[in-house]
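A short write-up of the structure that comes next.
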Amino acid sequence: MISKTINLTLKVWRQGRKEPIGRLETYQAKDISTDMSFLEMLDVVNEDLTKAGKEPIAFDHDCREGICGMCGAVINGRAHGQEKKTTLCQLHMRHFKDGDTIVVEPWRARAFPLVKDLVVDRSALDKIIMAGGYISANAGGAPDANAIPISKEVAENAFNAAACIGCGACVAACPNASAMLFVSAKVSHLALLPQGRPEAARRARAMVQAMDACGFGNCSNETECEAECPKGISIVEIARLNREFFKSEFS
Amino acid sequence: MNWFFELLRASIGKKLLMALTGLAFCLFLLIHLIGNLTLYGGKDLFLSYVDHLHALDPIIRVAEIGLLFFAVIHVFTGLLLFWQNLQARPVRYQVNKNAGGRTLGSATMPYTGIFILGFVVVHLLNFHFIDHSQQSVFQAMDTTFSLLPYVIFYTFAVIVVAVHVSHGFWSLFQTLGANHIKYMPAIKGLGVVLSLLVAAGFGFIPVYVSFLM
């Protein structure tokens, strides 16, 4: 494989822990291999910054395989960058051209207070899960396979919703900073399965109330979330959440 | 009643209000459009339609009060949601780009909505709150559309209504939970058809009255 290197200009949001407001600062990313991921490119820039005695850019990351939901930044106005169904760690530098200027910003939402630079506090999503994103069954030992029959179609729908990694891109991409896609994915994946059914009504209600209390915006069906979701979760889940919510309110 | 206020406090409850009142306005638009199309049959047909409509006066009064009630809910809930959504992102992005989800209709809903409110007020002042013993609705229309600025304003306004409907129609089904891969394309198609009907059907009336009648 022929590897190529490119030079880039980065404009990165810098904001210290105690600073009320930050600013975009310009850095040069030199000799970046196009086989690198966006995070590896940031690693190279951070090494240069550290050698120059400057504070490296703080960003969240963990598995770097696109499955943990830890990384994420807004790249040139797009959550996780311009590629479809991609997390930031899986966004490769071959999608950029030599000489490009890239603006890197953190997720922006009142419910996601900024910690430092590109790191935001997404514990609001945990609060929503704590409100009802679970089943309270005494599980005991592992049940026999297929002891509870679930059709392939239902299992697939539930799995599509369960693919949510909770990265927060839907909130970042939503013009209203709403967390509806996240909440709907969590409500759907449990409500579709028999184990989650008994608590479905209470769950939908509690999770929507927790979402509202966290200060997220209201969904206005802009569908930007489904376009940016790295796991391709559809707004069909939001419609299902709405149905579950109405069922619980009107029953 | 606790459940009712809990519902209205919730974000999805407010969306439900927008969807149900919006559905009522879509139905109203369609009925209003069908009625107005009699205009293309000439003055006599149009005036006979107006007479027949007002023969149903008690029903019309109830419908008017209902629409006013819905309008108050739609406007206030819409403004509240608009304000809450602005608050939800105190620090805006330096670079804004769409991922392909937003449309002209969806991105401009609050603004087209506020414009339509103004248009409805002007429209009612021109045709509803006039002395009906002095002039027929047809004469009022003739007077209004003899002025070019009104022709342009009315045509522009119904295009704005069409843009609002282009997002509102499918969006209300989504909010009500009626999104299914099999039926959503048809609902979206119907929304586009309704928008085009509104834009063409209403939009051509001022031009027709002022230039062709």
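Here, A, B, ... name the chains of the structure tokens in the order displayed, residue numbers run from 1 inside each chain, and ligands are numbered from 1 in the same displayed order.
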Can you check which parts of chain A lie within 7 Å of chain B? Per residue, the shortest pair of atoms and distance in Å to one decimal, counting only C-alpha atoms, sorted by chain and number, as JSON lines.
{"residue": "A:Asn76", "atom": "CA", "partner": "B:Val95", "partner_atom": "CA", "distance": 6.0}
{"residue": "A:Gly77", "atom": "CA", "partner": "B:Asn96", "partner_atom": "CA", "distance": 4.7}
{"residue": "A:Arg78", "atom": "CA", "partner": "B:Lys97", "partner_atom": "CA", "distance": 6.2}
{"residue": "A:Arg108", "atom": "CA", "partner": "B:Arg89", "partner_atom": "CA", "distance": 6.3}
{"residue": "A:Ala109", "atom": "CA", "partner": "B:Arg89", "partner_atom": "CA", "distance": 4.6}
{"residue": "A:Arg110", "atom": "CA", "partner": "B:Ala88", "partner_atom": "CA", "distance": 5.1}
{"residue": "A:Asn176", "atom": "CA", "partner": "B:Asn85", "partner_atom": "CA", "distance": 4.8}
{"residue": "A:Ala177", "atom": "CA", "partner": "B:Ala88", "partner_atom": "CA", "distance": 5.9}
{"residue": "A:Gln209", "atom": "CA", "partner": "B:Ala10", "partner_atom": "CA", "distance": 6.5}
{"residue": "A:Asp212", "atom": "CA", "partner": "B:Ser11", "partner_atom": "CA", "distance": 6.6}
{"residue": "A:Gly215", "atom": "CA", "partner": "B:Ala88", "partner_atom": "CA", "distance": 6.3}
{"residue": "A:Phe216", "atom": "CA", "partner": "B:Ala88", "partner_atom": "CA", "distance": 5.6}
{"residue": "A:Gly217", "atom": "CA", "partner": "B:Asn85", "partner_atom": "CA", "distance": 4.7}
{"residue": "A:Asn218", "atom": "CA", "partner": "B:Ser11", "partner_atom": "CA", "distance": 5.7}
{"residue": "A:Asn221", "atom": "CA", "partner": "B:Ser171", "partner_atom": "CA", "distance": 6.1}
{"residue": "A:Glu222", "atom": "CA", "partner": "B:Arg102", "partner_atom": "CA", "distance": 5.2}
{"residue": "A:Thr223", "atom": "CA", "partner": "B:Gly101", "partner_atom": "CA", "distance": 4.7}
{"residue": "A:Glu224", "atom": "CA", "partner": "B:Gly101", "partner_atom": "CA", "distance": 4.4}
{"residue": "A:Ala227", "atom": "CA", "partner": "B:Ala99", "partner_atom": "CA", "distance": 5.8}
{"residue": "A:Glu228", "atom": "CA", "partner": "B:Ala99", "partner_atom": "CA", "distance": 6.4}
{"residue": "A:Val236", "atom": "CA", "partner": "B:Asn179", "partner_atom": "CA", "distance": 5.8}
{"residue": "A:Ala239", "atom": "CA", "partner": "B:Gly177", "partner_atom": "CA", "distance": 4.0}
{"residue": "A:Arg240", "atom": "CA", "partner": "B:Gly177", "partner_atom": "CA", "distance": 5.9}
{"residue": "A:Asn242", "atom": "CA", "partner": "B:Gly177", "partner_atom": "CA", "distance": 5.4}
{"residue": "A:Arg243", "atom": "CA", "partner": "B:Gly177", "partner_atom": "CA", "distance": 5.2}
{"residue": "A:Glu249", "atom": "CA", "partner": "B:Trp3", "partner_atom": "CA", "distance": 6.5}
Can you pull out the residues contacting Leu10 of chain A? Cut-off 10 Å, using only C-alpha atoms, and skip same-chain residues under 4 positions away; I want them as a CSV table (one decimal) with C-alpha atoms, in the first residue's frame.
chain,number,residue,atom,x,y,z
A,24,LEU,CA,-10.1,28.8,18.0
A,25,GLU,CA,-6.3,28.5,17.8
A,26,THR,CA,-4.4,27.7,14.6
A,27,TYR,CA,-1.9,24.8,14.4
A,28,GLN,CA,0.1,23.2,11.6
A,29,ALA,CA,-0.2,19.4,11.2
A,42,LEU,CA,-4.2,14.9,16.8
A,45,VAL,CA,0.0,17.5,16.7
A,100,ASP,CA,-6.9,21.7,3.9
A,101,THR,CA,-8.0,23.9,6.8
A,102,ILE,CA,-9.9,21.9,9.4
A,103,VAL,CA,-12.0,23.5,12.1
A,104,VAL,CA,-12.3,21.3,15.2
Gly41 of chain B surroundings by only C-alpha atoms, 12 Å radius, close-in-sequence under 5 positions cut, as an MDAnalysis selection string: chainID B and resid 35:36 46:49 205 208:209 213
How would the residues just chosen look if you wrote them out with C-alpha atoms as a PDB file, in the first residue's frame?
ATOM      1  CA  GLY B  35     -63.820  26.554  -1.674  1.00  0.00           C
ATOM      2  CA  ASN B  36     -61.613  29.182  -3.262  1.00  0.00           C
ATOM      3  CA  PHE B  46     -67.858  32.050  -6.223  1.00  0.00           C
ATOM      4  CA  LEU B  47     -70.626  34.178  -4.682  1.00  0.00           C
ATOM      5  CA  SER B  48     -73.003  31.223  -4.635  1.00  0.00           C
ATOM      6  CA  TYR B  49     -70.270  29.258  -2.772  1.00  0.00           C
ATOM      7  CA  ILE B 205     -55.732  33.567  -7.244  1.00  0.00           C
ATOM      8  CA  TYR B 208     -55.953  35.692 -11.749  1.00  0.00           C
ATOM      9  CA  VAL B 209     -58.192  38.262 -10.054  1.00  0.00           C
ATOM     10  CA  MET B 213     -60.705  38.629 -14.535  1.00  0.00           C
TER      11      MET B 213
END
Residue set, segment 52-162 of chain B restricted to alpha helix (DSSP H), as a PyMOL selection string: chain B and resi 52-54+57-87+104-107+109-127+137-144+148-162
For the selection you just gave me, I'd like the residues written to a file as an mmCIF file, in the first residue's frame, keeping C-alpha atoms.
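As written to disk, selection.cif reads:
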data_model
loop_
_atom_site.group_PDB
_atom_site.id
_atom_site.type_symbol
_atom_site.label_atom_id
_atom_site.label_comp_id
_atom_site.auth_asym_id
_atom_site.auth_seq_id
_atom_site.Cartn_x
_atom_site.Cartn_y
_atom_site.Cartn_z
ATOM 1 C CA HIS B 52 -73.921 28.415 0.716
ATOM 2 C CA LEU B 53 -71.057 28.615 3.186
ATOM 3 C CA HIS B 54 -72.802 31.282 5.235
ATOM 4 C CA ASP B 57 -73.411 29.947 9.942
ATOM 5 C CA PRO B 58 -73.654 28.155 13.326
ATOM 6 C CA ILE B 59 -71.154 25.527 12.141
ATOM 7 C CA ILE B 60 -68.897 28.239 10.716
ATOM 8 C CA ARG B 61 -68.903 30.082 14.075
ATOM 9 C CA VAL B 62 -67.896 26.908 15.928
ATOM 10 C CA ALA B 63 -65.171 26.228 13.363
ATOM 11 C CA GLU B 64 -63.879 29.803 13.674
ATOM 12 C CA ILE B 65 -63.690 29.615 17.453
ATOM 13 C CA GLY B 66 -62.022 26.204 17.164
ATOM 14 C CA LEU B 67 -59.437 27.505 14.693
ATOM 15 C CA LEU B 68 -58.736 30.559 16.856
ATOM 16 C CA PHE B 69 -58.248 28.286 19.885
ATOM 17 C CA PHE B 70 -55.920 26.028 17.876
ATOM 18 C CA ALA B 71 -54.026 29.046 16.532
ATOM 19 C CA VAL B 72 -53.388 30.329 20.063
ATOM 20 C CA ILE B 73 -52.066 26.889 21.099
ATOM 21 C CA HIS B 74 -49.975 26.470 17.924
ATOM 22 C CA VAL B 75 -48.416 29.945 18.118
ATOM 23 C CA PHE B 76 -47.673 29.961 21.855
ATOM 24 C CA THR B 77 -46.357 26.385 21.959
ATOM 25 C CA GLY B 78 -44.294 27.041 18.833
ATOM 26 C CA LEU B 79 -42.751 30.198 20.291
ATOM 27 C CA LEU B 80 -42.042 28.409 23.589
ATOM 28 C CA LEU B 81 -40.312 25.535 21.764
ATOM 29 C CA PHE B 82 -38.341 28.015 19.609
ATOM 30 C CA TRP B 83 -37.153 29.864 22.717
ATOM 31 C CA GLN B 84 -36.312 26.647 24.612
ATOM 32 C CA ASN B 85 -34.383 25.315 21.627
ATOM 33 C CA LEU B 86 -32.299 28.501 21.412
ATOM 34 C CA GLN B 87 -31.518 28.153 25.133
ATOM 35 C CA LEU B 104 -35.683 24.763 3.581
ATOM 36 C CA GLY B 105 -38.975 24.052 5.361
ATOM 37 C CA SER B 106 -37.550 22.505 8.523
ATOM 38 C CA ALA B 107 -34.808 25.104 8.957
ATOM 39 C CA MET B 109 -40.250 26.745 10.668
ATOM 40 C CA PRO B 110 -40.261 29.428 13.424
ATOM 41 C CA TYR B 111 -39.666 32.251 10.935
ATOM 42 C CA THR B 112 -42.218 31.121 8.346
ATOM 43 C CA GLY B 113 -44.604 30.532 11.256
ATOM 44 C CA ILE B 114 -44.280 34.082 12.576
ATOM 45 C CA PHE B 115 -44.666 35.443 9.039
ATOM 46 C CA ILE B 116 -47.827 33.368 8.503
ATOM 47 C CA LEU B 117 -49.282 34.754 11.740
ATOM 48 C CA GLY B 118 -48.796 38.276 10.361
ATOM 49 C CA PHE B 119 -50.255 37.238 7.015
ATOM 50 C CA VAL B 120 -53.355 35.713 8.657
ATOM 51 C CA VAL B 121 -53.958 38.989 10.550
ATOM 52 C CA VAL B 122 -53.692 41.040 7.322
ATOM 53 C CA HIS B 123 -55.858 38.517 5.472
ATOM 54 C CA LEU B 124 -58.600 38.657 8.130
ATOM 55 C CA LEU B 125 -58.483 42.476 8.132
ATOM 56 C CA ASN B 126 -58.905 42.495 4.334
ATOM 57 C CA PHE B 127 -61.716 39.960 4.041
ATOM 58 C CA VAL B 137 -66.393 39.259 -0.411
ATOM 59 C CA PHE B 138 -65.859 39.394 -4.171
ATOM 60 C CA GLN B 139 -65.770 43.213 -4.146
ATOM 61 C CA ALA B 140 -63.362 43.168 -1.195
ATOM 62 C CA MET B 141 -61.136 40.851 -3.198
ATOM 63 C CA ASP B 142 -61.374 43.037 -6.261
ATOM 64 C CA THR B 143 -60.370 46.110 -4.224
ATOM 65 C CA THR B 144 -57.510 44.321 -2.464
ATOM 66 C CA LEU B 148 -50.052 45.380 -6.998
ATOM 67 C CA PRO B 149 -48.281 45.275 -3.576
ATOM 68 C CA TYR B 150 -51.173 43.149 -2.241
ATOM 69 C CA VAL B 151 -50.952 40.785 -5.213
ATOM 70 C CA ILE B 152 -47.240 40.299 -4.591
ATOM 71 C CA PHE B 153 -47.698 40.025 -0.803
ATOM 72 C CA TYR B 154 -50.486 37.423 -1.028
ATOM 73 C CA THR B 155 -48.694 35.295 -3.598
ATOM 74 C CA PHE B 156 -45.461 35.416 -1.585
ATOM 75 C CA ALA B 157 -47.360 34.626 1.633
ATOM 76 C CA VAL B 158 -48.994 31.457 0.295
ATOM 77 C CA ILE B 159 -45.593 30.278 -0.948
ATOM 78 C CA VAL B 160 -44.350 30.758 2.629
ATOM 79 C CA VAL B 161 -47.352 28.725 3.837
ATOM 80 C CA ALA B 162 -46.413 25.994 1.360
#
Which of segment 75-244 of chain A fall in strand (DSSP E or B), as a list in words: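 Filtering segment 75-244 of chain A down to strand (DSSP E or B) leaves Ile75, Arg78, Ala79, His92, Thr101, Ile102, Val103, Val104, Glu105, Ala109, Phe112, Leu114, Val115, Lys116, Val119 and Val120 of chain A.
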Long-range neighbours of Gly99 of chain A as number ranges by chain, 8 Å cut-off, only C-alpha atoms, 2 positions minimum in chain: A: 6-9, 97, 101
Residues near Cys63 of chain A, cut-off 12 Å, only C-alpha atoms, skip fewer than 6 positions along chain, as a ChimeraX atom specification: /A:39,69-71,87-90,165
Length of the atom CA of Ala73 of chain A to atom CA of Ala169 of chain A vector [Å]: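 Separation of atom CA of Ala73 of chain A and atom CA of Ala169 of chain A: 8.3 Å.
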All residues 9 Å or closer to segment 121-123 of chain A, only C-alpha atoms, same chain fewer than 4 positions away omitted, as a list in words: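 Non-adjacent residues within range: Ala111, Phe112, Pro113, Leu114, Val115, Lys127, Ile128, Cys167 and Gly168 of chain A.
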Which residue of A:Gly196, A:Ala155, A:Leu91, A:Val171 approaches Ala137 of chain A most closely, using only C-alpha atoms: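 The closest residue to Ala137 of chain A is A:Gly196.
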